[in-house]
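Student: Let me give you the structure first, and then I'll get to my questions.
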Amino acid sequence: MDDQTEPIINQVSIVSMIATAAMAIGAWFITNKISKTVRKTDKFVIFWLIWDAMIHLSLELSFVILSLTTTVEKSTHWTSLVWKEYGKADARWLILDPCIVSLEIITVFVEGPMCLVLVYAIVKNKHYRHFLQVVLCVGEIYGGWMTFVPDILLGSPNLATNNWLYLWVYMVFYNGIWVVIPALLLLQSYYEMKSAFSKKKGQ
């Protein structure tokens with residue numbers, strides 16, 4: 001991708017970050033309403049899942065719709081503005097890239113609803129909670145891997161690696177969240193299943 005050495009923080013990027021923060025605040029408010037009887041650790045998990053679902057079912061849904069009806073680059077709809085901004089970091093989001101769009105379809109229509117089902121499973125202490133949590137987290141991590149590694153192996157032709165804002169904020173920070181937190185939740189599920197197995201074995 002062409003060199004972009006100077007970060008450009010514009011109105012779209014600022015509004016996008018504010019909207020993301022607003023969704024996080026909304027997710028925290030909902031979490032406090034529905035998770036009064038759960039552990040503190042699970043309260044954070046519920047917050048993450050609600051915020052995750054909000055992102056998947058709003059921002060990423062708009063990307064899928066735009067990509068399947070036109071392209072982000074060609075669209076004049078206001079929802080395309082945030083993706084045109086992100087496209088400065090990764091040009092594949094501006095076009096109908098088969099890998100990206102395929103991953104986002106799964107993210108929106110499978111992982112988004114799965115987040116909400118998992119919230120229900122945690123609040124109601126359902127037996128399938130950790131099975132679902134493992135499936136979701138593996139999907140999130142795999143999605144992150146397949147989003148970036150193929151392009152990196154080709155020498156990052158579509159990634160703005162010479163611009164600190166696009167590289168470290170848009171790509172590393174925002175996408176890294178969906179790797180680090182799912183990895184921690186996988187670890188949580190591992191210890192919960194290990195504990196349950198030990199208790200059953202000791203009976």
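Numbering starts fresh at 1 for the residues of each chain in the structure tokens, the chains themselves are lettered A, B, ... in the order given, and ligands are numbered from 1 as they appear.
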Could you make a table, as CSV, of the residues of range 55-115 of chain A that have an atom within 7 Å of an atom of range 11-21 of chain A, each with its nearest atom pair and distance in Å to one decimal, counting only C-alpha atoms, in chain and number order?
Tutor:
residue,atom,partner,partner_atom,distance
A:Leu81,CA,A:Val12,CA,6.9
A:Val82,CA,A:Val12,CA,6.4
A:Glu85,CA,A:Ser13,CA,6.8
Student: Write out as a Markdown table the residues of range 117-152 of chain A that have any atom within 7 Å of an atom of range 170-186 of chain A, one row each with the nearest atom pair and its distance in Å to one decimal, counting only C-alpha atoms, sorted by chain and then rising number.
Tutor:
| residue | atom | partner | partner_atom | distance |
| --- | --- | --- | --- | --- |
| A:Val134 | CA | A:Leu186 | CA | 5.8 |
| A:Cys137 | CA | A:Pro182 | CA | 4.7 |
| A:Glu140 | CA | A:Trp178 | CA | 6.3 |
| A:Ile141 | CA | A:Val179 | CA | 5.2 |
| A:Gly144 | CA | A:Val179 | CA | 6.7 |
Student: Mind pulling up the distance from CA of Lys88 in chain A to CA of Ala160 in chain A?
Tutor: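 Distance reported for this atom pair: 7.0 Å.
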Student: Between A:Trp28, A:Tyr86, A:Phe109, A:Trp164, single out the one closest to Trp48 in chain A, counting only C-alpha atoms.
Tutor: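 Closest to Trp48 in chain A of all the choices is A:Trp28.
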Student: Do you have the CA of Asn10 in chain A-CA of His77 in chain A distance handy?
Tutor: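 Straight-line distance from CA of Asn10 in chain A to CA of His77 in chain A works out to 18.2 Å.
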Student: Please return as a PyMOL selection string: the residues of range 4-195 of chain A that backbone DSSP assigns to alpha helix (DSSP H).
Tutor: chain A and resi 11-34+40-55+61-69+80-86+98-106+112-123+129-153+164+174-195
Student: Output the selection as a short mmCIF file (atom, residue, chain, number, x, y, z; two decimals), in the first residue's frame - C-alpha atoms for each residue.
Tutor:
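Result went into out.cif, see below:
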data_model
loop_
_atom_site.label_atom_id
_atom_site.label_comp_id
_atom_site.auth_asym_id
_atom_site.auth_seq_id
_atom_site.Cartn_x
_atom_site.Cartn_y
_atom_site.Cartn_z
CA GLN A 11 -14.23 14.12 11.85
CA VAL A 12 -15.16 10.59 10.75
CA SER A 13 -12.44 8.95 12.84
CA ILE A 14 -13.37 11.01 15.91
CA VAL A 15 -17.10 10.29 15.55
CA SER A 16 -16.36 6.59 15.00
CA MET A 17 -14.32 6.39 18.19
CA ILE A 18 -17.00 8.27 20.14
CA ALA A 19 -19.69 5.90 18.78
CA THR A 20 -17.61 2.89 19.81
CA ALA A 21 -17.16 4.35 23.29
CA ALA A 22 -20.90 5.12 23.50
CA MET A 23 -21.69 1.49 22.69
CA ALA A 24 -19.29 0.41 25.44
CA ILE A 25 -21.11 2.67 27.92
CA GLY A 26 -24.45 1.27 26.77
CA ALA A 27 -23.13 -2.27 27.13
CA TRP A 28 -21.97 -1.53 30.68
CA PHE A 29 -25.38 -0.08 31.59
CA ILE A 30 -27.16 -3.19 30.26
CA THR A 31 -24.65 -5.43 32.05
CA ASN A 32 -25.39 -3.80 35.39
CA LYS A 33 -29.11 -4.32 34.82
CA ILE A 34 -29.00 -8.03 34.01
CA LYS A 40 -17.46 -10.13 39.06
CA THR A 41 -15.43 -12.00 36.46
CA ASP A 42 -18.55 -13.06 34.61
CA LYS A 43 -19.90 -9.53 34.84
CA PHE A 44 -16.94 -8.38 32.75
CA VAL A 45 -17.52 -11.28 30.34
CA ILE A 46 -21.16 -10.22 29.92
CA PHE A 47 -20.09 -6.62 29.29
CA TRP A 48 -17.64 -7.77 26.63
CA LEU A 49 -20.22 -10.00 24.94
CA ILE A 50 -22.88 -7.28 24.81
CA TRP A 51 -20.41 -4.74 23.42
CA ASP A 52 -19.12 -7.36 20.99
CA ALA A 53 -22.66 -8.08 19.79
CA MET A 54 -23.35 -4.37 19.35
CA ILE A 55 -20.27 -3.97 17.14
CA LEU A 61 -23.62 -5.58 9.57
CA SER A 62 -23.49 -2.31 7.64
CA PHE A 63 -20.22 -3.43 6.03
CA VAL A 64 -21.73 -6.75 4.92
CA ILE A 65 -24.80 -5.03 3.44
CA LEU A 66 -22.66 -2.47 1.62
CA SER A 67 -20.32 -5.15 0.28
CA LEU A 68 -23.13 -7.37 -1.00
CA THR A 69 -25.12 -4.56 -2.64
CA SER A 80 -19.94 3.76 4.39
CA LEU A 81 -17.99 6.67 5.88
CA VAL A 82 -16.58 4.70 8.82
CA TRP A 83 -15.49 1.89 6.48
CA LYS A 84 -13.95 4.33 4.01
CA GLU A 85 -11.95 5.66 6.95
CA TYR A 86 -10.92 2.13 7.99
CA PRO A 98 -13.97 -12.57 -0.87
CA CYS A 99 -12.01 -13.52 2.25
CA ILE A 100 -12.91 -10.41 4.26
CA VAL A 101 -16.59 -10.44 3.31
CA SER A 102 -16.90 -14.20 3.96
CA LEU A 103 -15.42 -13.76 7.44
CA GLU A 104 -17.68 -10.81 8.17
CA ILE A 105 -20.80 -12.74 7.14
CA ILE A 106 -19.93 -15.36 9.78
CA GLY A 112 -23.14 -11.68 16.81
CA PRO A 113 -26.23 -13.68 17.84
CA MET A 114 -24.00 -16.24 19.60
CA CYS A 115 -22.74 -13.46 21.90
CA LEU A 116 -26.31 -12.79 23.03
CA VAL A 117 -27.08 -16.48 23.54
CA LEU A 118 -23.91 -16.73 25.62
CA VAL A 119 -25.00 -13.78 27.77
CA TYR A 120 -28.25 -15.66 28.45
CA ALA A 121 -26.29 -18.83 29.27
CA ILE A 122 -24.12 -16.98 31.79
CA VAL A 123 -26.98 -15.16 33.50
CA ARG A 129 -22.11 -21.90 28.62
CA HIS A 130 -18.43 -22.88 28.30
CA PHE A 131 -18.94 -25.01 25.20
CA LEU A 132 -20.49 -21.98 23.50
CA GLN A 133 -17.78 -19.70 24.88
CA VAL A 134 -15.04 -21.90 23.40
CA VAL A 135 -16.74 -22.03 19.99
CA LEU A 136 -17.21 -18.25 19.93
CA CYS A 137 -13.67 -17.44 21.04
CA VAL A 138 -12.04 -19.84 18.58
CA GLY A 139 -14.13 -18.22 15.84
CA GLU A 140 -13.05 -14.72 16.90
CA ILE A 141 -9.35 -15.63 17.02
CA TYR A 142 -9.50 -17.52 13.72
CA GLY A 143 -11.25 -14.54 12.14
CA GLY A 144 -8.46 -12.24 13.28
CA TRP A 145 -5.83 -14.62 11.91
CA MET A 146 -7.51 -14.95 8.51
CA THR A 147 -8.11 -11.22 8.27
CA PHE A 148 -4.45 -10.27 8.42
CA VAL A 149 -2.06 -13.19 7.96
CA PRO A 150 -2.84 -13.88 4.26
CA ASP A 151 -2.08 -10.25 3.40
CA ILE A 152 1.03 -10.18 5.60
CA LEU A 153 2.37 -13.29 3.82
CA TRP A 164 1.09 4.92 13.12
CA TYR A 174 -9.00 -2.44 17.53
CA ASN A 175 -8.38 -5.89 16.05
CA GLY A 176 -6.08 -6.96 18.88
CA ILE A 177 -8.95 -6.64 21.34
CA TRP A 178 -10.71 -9.45 19.47
CA VAL A 179 -7.69 -11.69 19.95
CA VAL A 180 -6.59 -10.91 23.51
CA ILE A 181 -10.01 -11.04 25.19
CA PRO A 182 -11.17 -14.24 23.43
CA ALA A 183 -7.83 -15.83 24.38
CA LEU A 184 -8.44 -14.92 28.03
CA LEU A 185 -11.97 -16.31 27.85
CA LEU A 186 -10.63 -19.54 26.37
CA LEU A 187 -8.31 -19.77 29.35
CA GLN A 188 -11.24 -19.18 31.69
CA SER A 189 -13.23 -21.94 30.01
CA TYR A 190 -10.28 -24.31 30.25
CA TYR A 191 -9.98 -23.84 34.02
CA GLU A 192 -13.75 -24.09 34.53
CA MET A 193 -13.92 -27.36 32.59
CA LYS A 194 -10.84 -28.67 34.38
CA SER A 195 -12.44 -27.88 37.74
#
Student: From the list A:Leu154, A:Leu159, A:Leu165, A:Val108, which residue is nearest His56 in chain A when using only C-alpha atoms?
Tutor: A:Val108
